[in-house]
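Q: Enclosed is the structure file protein-v4.cif (mmCIF, N, CA and C atoms).
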```cif
data_run
#
loop_
_atom_site.label_atom_id
_atom_site.label_comp_id
_atom_site.auth_asym_id
_atom_site.auth_seq_id
_atom_site.Cartn_x
_atom_site.Cartn_y
_atom_site.Cartn_z
N VAL Y 592 -7.73 20.13 -16.84
CA VAL Y 592 -6.63 20.54 -15.99
C VAL Y 592 -6.05 19.32 -15.28
N GLN Y 593 -4.75 19.22 -15.26
CA GLN Y 593 -4.07 18.16 -14.53
C GLN Y 593 -3.16 18.79 -13.48
N LEU Y 594 -2.96 18.06 -12.40
CA LEU Y 594 -2.13 18.55 -11.30
C LEU Y 594 -0.93 17.64 -11.12
N GLN Y 595 0.23 18.23 -10.93
CA GLN Y 595 1.44 17.44 -10.72
C GLN Y 595 2.16 17.97 -9.48
N ALA Y 596 2.26 17.11 -8.48
CA ALA Y 596 2.89 17.48 -7.22
C ALA Y 596 4.32 16.97 -7.18
N SER Y 597 5.16 17.71 -6.46
CA SER Y 597 6.56 17.31 -6.29
C SER Y 597 7.11 17.94 -5.02
N GLY Y 598 8.30 17.51 -4.64
CA GLY Y 598 8.99 18.15 -3.52
C GLY Y 598 9.09 17.33 -2.25
N GLY Y 599 8.47 16.16 -2.24
CA GLY Y 599 8.55 15.34 -1.04
C GLY Y 599 9.95 14.80 -0.82
N GLY Y 600 10.15 14.18 0.34
CA GLY Y 600 11.45 13.61 0.63
C GLY Y 600 11.55 13.14 2.06
N LEU Y 601 12.77 12.78 2.45
CA LEU Y 601 13.06 12.31 3.80
C LEU Y 601 13.84 13.39 4.54
N VAL Y 602 13.30 13.84 5.67
CA VAL Y 602 13.96 14.86 6.48
C VAL Y 602 13.91 14.45 7.95
N GLN Y 603 14.69 15.14 8.75
CA GLN Y 603 14.66 14.89 10.19
C GLN Y 603 13.68 15.86 10.84
N ALA Y 604 13.22 15.49 12.01
CA ALA Y 604 12.31 16.34 12.76
C ALA Y 604 12.92 17.72 12.96
N GLY Y 605 12.09 18.74 12.77
CA GLY Y 605 12.55 20.11 12.91
C GLY Y 605 12.98 20.76 11.61
N GLU Y 606 13.18 19.97 10.59
CA GLU Y 606 13.61 20.50 9.31
C GLU Y 606 12.41 20.97 8.47
N SER Y 607 12.73 21.49 7.28
CA SER Y 607 11.69 22.06 6.41
C SER Y 607 11.68 21.39 5.04
N LEU Y 608 10.53 21.47 4.39
CA LEU Y 608 10.37 21.01 3.01
C LEU Y 608 9.39 21.93 2.33
N ARG Y 609 9.50 22.02 1.01
CA ARG Y 609 8.50 22.76 0.23
C ARG Y 609 7.95 21.88 -0.87
N LEU Y 610 6.65 21.72 -0.87
CA LEU Y 610 5.96 20.98 -1.90
C LEU Y 610 5.45 21.95 -2.96
N SER Y 611 5.41 21.47 -4.20
CA SER Y 611 4.88 22.26 -5.31
C SER Y 611 3.81 21.47 -6.04
N CYS Y 612 2.85 22.17 -6.57
CA CYS Y 612 1.79 21.54 -7.36
C CYS Y 612 1.54 22.43 -8.57
N ILE Y 613 1.87 21.91 -9.74
CA ILE Y 613 1.71 22.67 -10.98
C ILE Y 613 0.43 22.22 -11.67
N ALA Y 614 -0.36 23.19 -12.08
CA ALA Y 614 -1.60 22.91 -12.80
C ALA Y 614 -1.39 23.19 -14.29
N SER Y 615 -1.75 22.21 -15.09
CA SER Y 615 -1.66 22.39 -16.54
C SER Y 615 -2.99 22.85 -17.05
N GLY Y 616 -3.19 24.04 -17.37
CA GLY Y 616 -4.49 24.51 -17.80
C GLY Y 616 -4.95 25.66 -16.93
N ARG Y 617 -6.00 26.32 -17.37
CA ARG Y 617 -6.45 27.52 -16.70
C ARG Y 617 -7.10 27.21 -15.36
N ILE Y 618 -6.78 28.03 -14.38
CA ILE Y 618 -7.42 27.94 -13.07
C ILE Y 618 -8.29 29.18 -12.90
N PHE Y 619 -9.56 28.98 -12.65
CA PHE Y 619 -10.47 30.10 -12.50
C PHE Y 619 -10.25 30.79 -11.16
N SER Y 620 -10.46 32.08 -11.12
CA SER Y 620 -10.20 32.85 -9.91
C SER Y 620 -11.07 32.40 -8.75
N SER Y 621 -12.20 31.80 -9.04
CA SER Y 621 -13.09 31.34 -7.97
C SER Y 621 -12.70 29.98 -7.42
N ALA Y 622 -11.73 29.34 -8.01
CA ALA Y 622 -11.36 27.98 -7.61
C ALA Y 622 -10.54 27.98 -6.32
N SER Y 623 -10.52 26.82 -5.71
CA SER Y 623 -9.68 26.58 -4.54
C SER Y 623 -8.68 25.48 -4.85
N MET Y 624 -7.49 25.60 -4.32
CA MET Y 624 -6.48 24.55 -4.44
C MET Y 624 -5.87 24.32 -3.08
N GLY Y 625 -5.39 23.12 -2.89
CA GLY Y 625 -4.79 22.86 -1.59
C GLY Y 625 -4.19 21.49 -1.47
N TRP Y 626 -3.97 21.11 -0.23
CA TRP Y 626 -3.28 19.87 0.08
C TRP Y 626 -4.03 19.06 1.11
N PHE Y 627 -4.08 17.76 0.86
CA PHE Y 627 -4.52 16.78 1.83
C PHE Y 627 -3.35 15.84 2.05
N ARG Y 628 -3.44 15.03 3.08
CA ARG Y 628 -2.40 14.03 3.32
C ARG Y 628 -3.00 12.77 3.89
N GLN Y 629 -2.30 11.67 3.67
CA GLN Y 629 -2.73 10.38 4.21
C GLN Y 629 -1.54 9.68 4.82
N GLY Y 630 -1.55 9.58 6.14
CA GLY Y 630 -0.48 8.90 6.85
C GLY Y 630 -0.70 7.40 6.89
N PRO Y 631 0.32 6.65 7.30
CA PRO Y 631 0.21 5.19 7.37
C PRO Y 631 -0.95 4.75 8.27
N GLY Y 632 -1.85 4.00 7.71
CA GLY Y 632 -2.97 3.50 8.49
C GLY Y 632 -4.02 4.54 8.86
N LYS Y 633 -3.94 5.69 8.22
CA LYS Y 633 -4.88 6.76 8.54
C LYS Y 633 -5.71 7.14 7.32
N GLU Y 634 -6.80 7.85 7.59
CA GLU Y 634 -7.62 8.35 6.50
C GLU Y 634 -7.01 9.65 5.96
N ARG Y 635 -7.39 9.99 4.72
CA ARG Y 635 -6.91 11.23 4.14
C ARG Y 635 -7.48 12.40 4.93
N GLU Y 636 -6.64 13.38 5.23
CA GLU Y 636 -7.08 14.53 6.01
C GLU Y 636 -6.65 15.84 5.35
N PHE Y 637 -7.43 16.85 5.61
CA PHE Y 637 -7.16 18.19 5.07
C PHE Y 637 -5.92 18.78 5.73
N VAL Y 638 -5.12 19.50 4.92
CA VAL Y 638 -3.94 20.17 5.44
C VAL Y 638 -4.07 21.69 5.27
N ALA Y 639 -4.23 22.13 4.03
CA ALA Y 639 -4.28 23.58 3.78
C ALA Y 639 -4.98 23.84 2.45
N ASN Y 640 -5.59 25.03 2.35
CA ASN Y 640 -6.32 25.41 1.15
C ASN Y 640 -6.10 26.89 0.88
N ILE Y 641 -6.11 27.25 -0.40
CA ILE Y 641 -5.99 28.65 -0.79
C ILE Y 641 -6.99 28.94 -1.90
N ARG Y 642 -7.66 30.04 -1.79
CA ARG Y 642 -8.55 30.48 -2.87
C ARG Y 642 -7.69 31.15 -3.94
N TRP Y 643 -7.83 30.67 -5.17
CA TRP Y 643 -6.92 31.07 -6.22
C TRP Y 643 -6.94 32.57 -6.46
N GLY Y 644 -8.12 33.15 -6.51
CA GLY Y 644 -8.22 34.56 -6.83
C GLY Y 644 -7.84 35.46 -5.67
N ALA Y 645 -8.48 35.29 -4.54
CA ALA Y 645 -8.29 36.19 -3.40
C ALA Y 645 -7.06 35.86 -2.58
N GLY Y 646 -6.60 34.62 -2.66
CA GLY Y 646 -5.44 34.24 -1.87
C GLY Y 646 -5.75 33.93 -0.42
N THR Y 647 -7.02 33.83 -0.09
CA THR Y 647 -7.41 33.49 1.28
C THR Y 647 -6.98 32.08 1.62
N THR Y 648 -6.41 31.91 2.80
CA THR Y 648 -5.87 30.61 3.18
C THR Y 648 -6.60 30.00 4.37
N TYR Y 649 -6.58 28.69 4.45
CA TYR Y 649 -7.18 27.94 5.55
C TYR Y 649 -6.23 26.79 5.90
N TYR Y 650 -6.14 26.49 7.18
CA TYR Y 650 -5.22 25.45 7.64
C TYR Y 650 -5.90 24.52 8.63
N ALA Y 651 -5.44 23.29 8.63
CA ALA Y 651 -5.82 22.37 9.70
C ALA Y 651 -5.13 22.82 10.98
N ASP Y 652 -5.76 22.61 12.09
CA ASP Y 652 -5.18 23.03 13.37
C ASP Y 652 -3.82 22.39 13.60
N SER Y 653 -3.65 21.17 13.11
CA SER Y 653 -2.41 20.43 13.36
C SER Y 653 -1.19 21.03 12.67
N VAL Y 654 -1.42 21.88 11.66
CA VAL Y 654 -0.29 22.45 10.92
C VAL Y 654 -0.23 23.97 11.04
N LYS Y 655 -1.23 24.57 11.64
CA LYS Y 655 -1.30 26.02 11.74
C LYS Y 655 -0.07 26.55 12.47
N GLY Y 656 0.57 27.56 11.88
CA GLY Y 656 1.77 28.13 12.47
C GLY Y 656 3.05 27.47 12.00
N ARG Y 657 2.95 26.31 11.38
CA ARG Y 657 4.14 25.61 10.88
C ARG Y 657 4.16 25.52 9.35
N PHE Y 658 3.00 25.38 8.75
CA PHE Y 658 2.89 25.24 7.30
C PHE Y 658 2.34 26.54 6.70
N THR Y 659 2.78 26.86 5.50
CA THR Y 659 2.29 28.03 4.78
C THR Y 659 1.95 27.64 3.35
N ILE Y 660 0.73 27.93 2.94
CA ILE Y 660 0.33 27.67 1.56
C ILE Y 660 0.34 28.99 0.80
N SER Y 661 0.81 28.93 -0.43
CA SER Y 661 0.86 30.13 -1.28
C SER Y 661 0.67 29.71 -2.72
N ARG Y 662 0.47 30.72 -3.60
CA ARG Y 662 0.34 30.39 -5.01
C ARG Y 662 1.04 31.43 -5.86
N ASP Y 663 1.49 30.96 -7.02
CA ASP Y 663 2.09 31.83 -8.03
C ASP Y 663 1.20 31.74 -9.25
N LYS Y 664 0.41 32.77 -9.46
CA LYS Y 664 -0.56 32.72 -10.55
C LYS Y 664 0.12 32.58 -11.91
N GLY Y 665 1.20 33.27 -12.10
CA GLY Y 665 1.89 33.22 -13.39
C GLY Y 665 2.42 31.84 -13.72
N LYS Y 666 2.80 31.10 -12.69
CA LYS Y 666 3.33 29.76 -12.90
C LYS Y 666 2.28 28.68 -12.67
N GLN Y 667 1.05 29.10 -12.36
CA GLN Y 667 -0.04 28.13 -12.13
C GLN Y 667 0.38 27.11 -11.08
N THR Y 668 1.01 27.57 -10.04
CA THR Y 668 1.58 26.66 -9.06
C THR Y 668 1.15 27.02 -7.65
N VAL Y 669 0.87 26.01 -6.88
CA VAL Y 669 0.59 26.16 -5.46
C VAL Y 669 1.74 25.53 -4.68
N PHE Y 670 2.14 26.20 -3.62
CA PHE Y 670 3.24 25.71 -2.80
C PHE Y 670 2.75 25.40 -1.38
N LEU Y 671 3.41 24.45 -0.75
CA LEU Y 671 3.18 24.20 0.66
C LEU Y 671 4.54 24.18 1.33
N HIS Y 672 4.84 25.26 2.07
CA HIS Y 672 6.09 25.34 2.78
C HIS Y 672 5.88 24.79 4.18
N MET Y 673 6.63 23.77 4.53
CA MET Y 673 6.45 23.07 5.80
C MET Y 673 7.68 23.27 6.68
N ASP Y 674 7.48 23.92 7.79
CA ASP Y 674 8.55 24.14 8.76
C ASP Y 674 8.32 23.30 10.02
N SER Y 675 9.36 23.15 10.79
CA SER Y 675 9.27 22.44 12.08
C SER Y 675 8.55 21.10 11.92
N LEU Y 676 8.98 20.35 10.95
CA LEU Y 676 8.30 19.08 10.66
C LEU Y 676 8.44 18.11 11.82
N LYS Y 677 7.39 17.33 12.01
CA LYS Y 677 7.31 16.34 13.09
C LYS Y 677 7.12 14.96 12.48
N PRO Y 678 7.50 13.92 13.20
CA PRO Y 678 7.28 12.56 12.67
C PRO Y 678 5.82 12.30 12.30
N GLU Y 679 4.90 12.91 13.03
CA GLU Y 679 3.49 12.70 12.72
C GLU Y 679 3.04 13.40 11.44
N ASP Y 680 3.91 14.20 10.83
CA ASP Y 680 3.61 14.78 9.53
C ASP Y 680 3.92 13.81 8.39
N THR Y 681 4.52 12.67 8.72
CA THR Y 681 4.83 11.67 7.71
C THR Y 681 3.55 11.21 7.02
N ALA Y 682 3.52 11.32 5.70
CA ALA Y 682 2.31 10.99 4.95
C ALA Y 682 2.60 11.14 3.46
N VAL Y 683 1.67 10.65 2.67
CA VAL Y 683 1.64 10.99 1.25
C VAL Y 683 0.79 12.25 1.13
N TYR Y 684 1.34 13.27 0.52
CA TYR Y 684 0.65 14.55 0.38
C TYR Y 684 0.08 14.65 -1.03
N TYR Y 685 -1.20 15.01 -1.08
CA TYR Y 685 -1.92 15.11 -2.36
C TYR Y 685 -2.35 16.55 -2.61
N CYS Y 686 -2.13 16.99 -3.82
CA CYS Y 686 -2.61 18.30 -4.26
C CYS Y 686 -4.00 18.13 -4.87
N GLY Y 687 -4.89 19.04 -4.55
CA GLY Y 687 -6.24 18.97 -5.10
C GLY Y 687 -6.74 20.33 -5.51
N ALA Y 688 -7.80 20.33 -6.32
CA ALA Y 688 -8.39 21.59 -6.78
C ALA Y 688 -9.88 21.37 -7.03
N GLY Y 689 -10.64 22.46 -6.86
CA GLY Y 689 -12.07 22.38 -7.11
C GLY Y 689 -12.73 23.71 -6.89
N ALA Y 690 -14.04 23.69 -6.91
CA ALA Y 690 -14.81 24.93 -6.76
C ALA Y 690 -14.68 25.49 -5.35
N SER Y 691 -14.48 24.62 -4.39
CA SER Y 691 -14.32 25.07 -3.00
C SER Y 691 -13.55 24.03 -2.23
N LEU Y 692 -13.21 24.35 -0.98
CA LEU Y 692 -12.43 23.43 -0.15
C LEU Y 692 -13.12 22.08 -0.01
N GLY Y 693 -14.41 22.08 0.15
CA GLY Y 693 -15.11 20.83 0.33
C GLY Y 693 -15.52 20.14 -0.95
N ASP Y 694 -15.03 20.63 -2.08
CA ASP Y 694 -15.47 20.11 -3.37
C ASP Y 694 -14.31 19.97 -4.34
N TYR Y 695 -13.26 19.34 -3.90
CA TYR Y 695 -12.12 19.08 -4.79
C TYR Y 695 -12.53 18.00 -5.78
N THR Y 696 -12.36 18.28 -7.06
CA THR Y 696 -12.71 17.31 -8.09
C THR Y 696 -11.49 16.86 -8.88
N LEU Y 697 -10.37 17.54 -8.69
CA LEU Y 697 -9.14 17.17 -9.37
C LEU Y 697 -8.08 16.83 -8.34
N TRP Y 698 -7.33 15.77 -8.60
CA TRP Y 698 -6.27 15.37 -7.69
C TRP Y 698 -5.02 15.03 -8.46
N GLY Y 699 -3.88 15.36 -7.88
CA GLY Y 699 -2.61 14.96 -8.45
C GLY Y 699 -2.13 13.68 -7.79
N MET Y 700 -1.09 13.12 -8.36
CA MET Y 700 -0.45 11.97 -7.72
C MET Y 700 0.23 12.47 -6.45
N GLY Y 701 0.26 11.66 -5.46
CA GLY Y 701 0.81 12.05 -4.18
C GLY Y 701 2.33 12.13 -4.19
N THR Y 702 2.85 12.84 -3.22
CA THR Y 702 4.29 12.90 -3.02
C THR Y 702 4.59 12.56 -1.56
N GLN Y 703 5.53 11.66 -1.35
CA GLN Y 703 5.80 11.13 -0.02
C GLN Y 703 6.66 12.08 0.80
N VAL Y 704 6.21 12.35 2.01
CA VAL Y 704 7.00 13.11 2.98
C VAL Y 704 7.25 12.21 4.18
N THR Y 705 8.50 11.99 4.52
CA THR Y 705 8.86 11.16 5.65
C THR Y 705 9.72 11.97 6.61
N VAL Y 706 9.29 12.03 7.87
CA VAL Y 706 10.01 12.80 8.88
C VAL Y 706 10.52 11.83 9.94
N SER Y 707 11.82 11.75 10.08
CA SER Y 707 12.40 10.84 11.06
C SER Y 707 12.66 11.58 12.37
N SER Y 708 12.58 10.83 13.46
CA SER Y 708 12.76 11.45 14.79
C SER Y 708 14.22 11.46 15.20
#
```
Kindly transcribe the structure held in the file into structure tokens.
A:
Amino acid sequence: VQLQASGGGLVQAGESLRLSCIASGRIFSSASMGWFRQGPGKEREFVANIRWGAGTTYYADSVKGRFTISRDKGKQTVFLHMDSLKPEDTAVYYCGAGASLGDYTLWGMGTQVTVSS
């Protein structure tokens, strides 16, 4: 399985963006997929996760209430809808997948999100 992320860009604070991550290959219902991000000079951090089968979602406190993760099983795609973006959301966003949130073994190439103030 390979992951391909897209949808990043340059926006102003308060605006929205939607990231997409397409998986080539079968995703098992027990798998988890989600997003991490790495800002300038920062370590990679968790953003959001969704269990492929049940659709259960988890969010970092920093994005809770602003970001929404969802999936389209038919299109093998995970989305990250980001509202009320802040400059501190500026980062390279990475799509990942694995057996669980703490065990991502597959990663896509990152997509840059830049939020100007």
Q: Would you kindly translate the PyMOL selection byres (((chain Y and resi 694-701 and name CA) around 7) and name CA) into the concrete residues it picks from this file, as an NGL selection string?
A: :Y and (594-596 or 683-693 or 702-703)
Q: Residues at most 6 Å from Gly598 in chain Y, counting all atoms listed in the file, excluding those fewer than 2 positions away in the same chain, as a PDB file with N, CA and C atoms, in the coordinates of the input?
A:
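Heads up, here's the output in around.pdb:
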```
ATOM      1  N   ALA Y 596       2.260  17.110  -8.480  1.00  0.00           N
ATOM      2  CA  ALA Y 596       2.890  17.480  -7.220  1.00  0.00           C
ATOM      3  C   ALA Y 596       4.320  16.970  -7.180  1.00  0.00           C
ATOM      4  N   GLY Y 600      10.150  14.180   0.340  1.00  0.00           N
ATOM      5  CA  GLY Y 600      11.450  13.610   0.630  1.00  0.00           C
ATOM      6  C   GLY Y 600      11.550  13.140   2.060  1.00  0.00           C
ATOM      7  N   ARG Y 609       9.500  22.020   1.010  1.00  0.00           N
ATOM      8  CA  ARG Y 609       8.500  22.760   0.230  1.00  0.00           C
ATOM      9  C   ARG Y 609       7.950  21.880  -0.870  1.00  0.00           C
ATOM     10  N   LEU Y 610       6.650  21.720  -0.870  1.00  0.00           N
ATOM     11  CA  LEU Y 610       5.960  20.980  -1.900  1.00  0.00           C
ATOM     12  C   LEU Y 610       5.450  21.950  -2.960  1.00  0.00           C
ATOM     13  N   SER Y 611       5.410  21.470  -4.200  1.00  0.00           N
ATOM     14  CA  SER Y 611       4.880  22.260  -5.310  1.00  0.00           C
ATOM     15  C   SER Y 611       3.810  21.470  -6.040  1.00  0.00           C
TER      16      SER Y 611
END
```
Q: Find the residue from Y:Val638, Y:Trp626, Y:Thr668, Y:Ser621 that sits nearest to Gln593 in chain Y; use only C-alpha atoms when measuring.
A: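 Using only C-alpha atoms, Gln593 in chain Y sits closest to Y:Thr668.
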Q: Quick one: distance from CA of Ala639 in chain Y to atom N of Ile613 in chain Y in Å, one decimal?
A: 14.9 Å
Q: To one decimal in Å, tell me the separation between atom C of Gly605 in chain Y and CA of Gly625 in chain Y.
A: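 Rounded to one decimal, the two atoms are 22.2 Å apart.
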Q: Please, what distance in Å, to one decimal, runs between CA of Ser708 in chain Y and atom C of Glu606 in chain Y?
A: 11.4 Å
Q: Just checking: using only C-alpha atoms, which residue out of Y:Ser597, Y:Ala614, Y:Lys666, Y:Ser661 ends up closest to Thr648 in chain Y?
A: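 Residue with the minimum atom-to-atom distance to Thr648 in chain Y: Y:Ser661.
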Q: For each of Y:Ile618, Y:Ser607, Y:Val704, Y:Asn640, take the minimum atom-to-atom distance to Asp680 in chain Y, counting only C-alpha atoms, then give the residue where this is smallest.
A: Y:Val704
Q: Which is closer to Lys677 in chain Y than all the others in Y:Ala604, Y:Ile641, Y:Ala622, Y:Cys612, using all atoms listed in the file?
A: Y:Ala604
Q: Have a look at Y:Ser623, Y:Gln629, Y:Ser707, Y:Val592 and name the one nearest to Pro678 in chain Y; count all atoms listed in the file.
A: Y:Ser707
Q: Hey, what's within 7 Å of range 630-634 of chain Y if we count only C-alpha atoms and toss same-chain stuff fewer than 2 positions away? As a list in words, please?
A: Arg628, Glu636, Thr681, Ala682 and Val683 of chain Y
Q: Using only N, CA and C atoms, please write the residues we just selected to a file, as an mmCIF file, in the coordinates of the input.
A:
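Produced file out-v2.cif, reproduced below:
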```cif
data_model
loop_
_atom_site.group_PDB
_atom_site.id
_atom_site.type_symbol
_atom_site.label_atom_id
_atom_site.label_comp_id
_atom_site.auth_asym_id
_atom_site.auth_seq_id
_atom_site.Cartn_x
_atom_site.Cartn_y
_atom_site.Cartn_z
ATOM 1 N N ARG Y 628 -3.440 15.030 3.080
ATOM 2 C CA ARG Y 628 -2.400 14.030 3.320
ATOM 3 C C ARG Y 628 -3.000 12.770 3.890
ATOM 4 N N GLU Y 636 -6.640 13.380 5.230
ATOM 5 C CA GLU Y 636 -7.080 14.530 6.010
ATOM 6 C C GLU Y 636 -6.650 15.840 5.350
ATOM 7 N N THR Y 681 4.520 12.670 8.720
ATOM 8 C CA THR Y 681 4.830 11.670 7.710
ATOM 9 C C THR Y 681 3.550 11.210 7.020
ATOM 10 N N ALA Y 682 3.520 11.320 5.700
ATOM 11 C CA ALA Y 682 2.310 10.990 4.950
ATOM 12 C C ALA Y 682 2.600 11.140 3.460
ATOM 13 N N VAL Y 683 1.670 10.650 2.670
ATOM 14 C CA VAL Y 683 1.640 10.990 1.250
ATOM 15 C C VAL Y 683 0.790 12.250 1.130
#
```
Q: Based on the backbone DSSP call, show me all residues of chain Y assigned strand (DSSP E), as a ChimeraX atom specification.
A: /Y:593-597,600-603,608-615,623-629,636-642,648-650,658-663,668-673,682-689,695-698,702-707
Q: Using only N, CA and C atoms, can you tell me which of Y:Ser675, Y:Ser653, Y:Ser620, Y:Gln667 comes closest to Leu608 in chain Y?
A: Y:Ser675
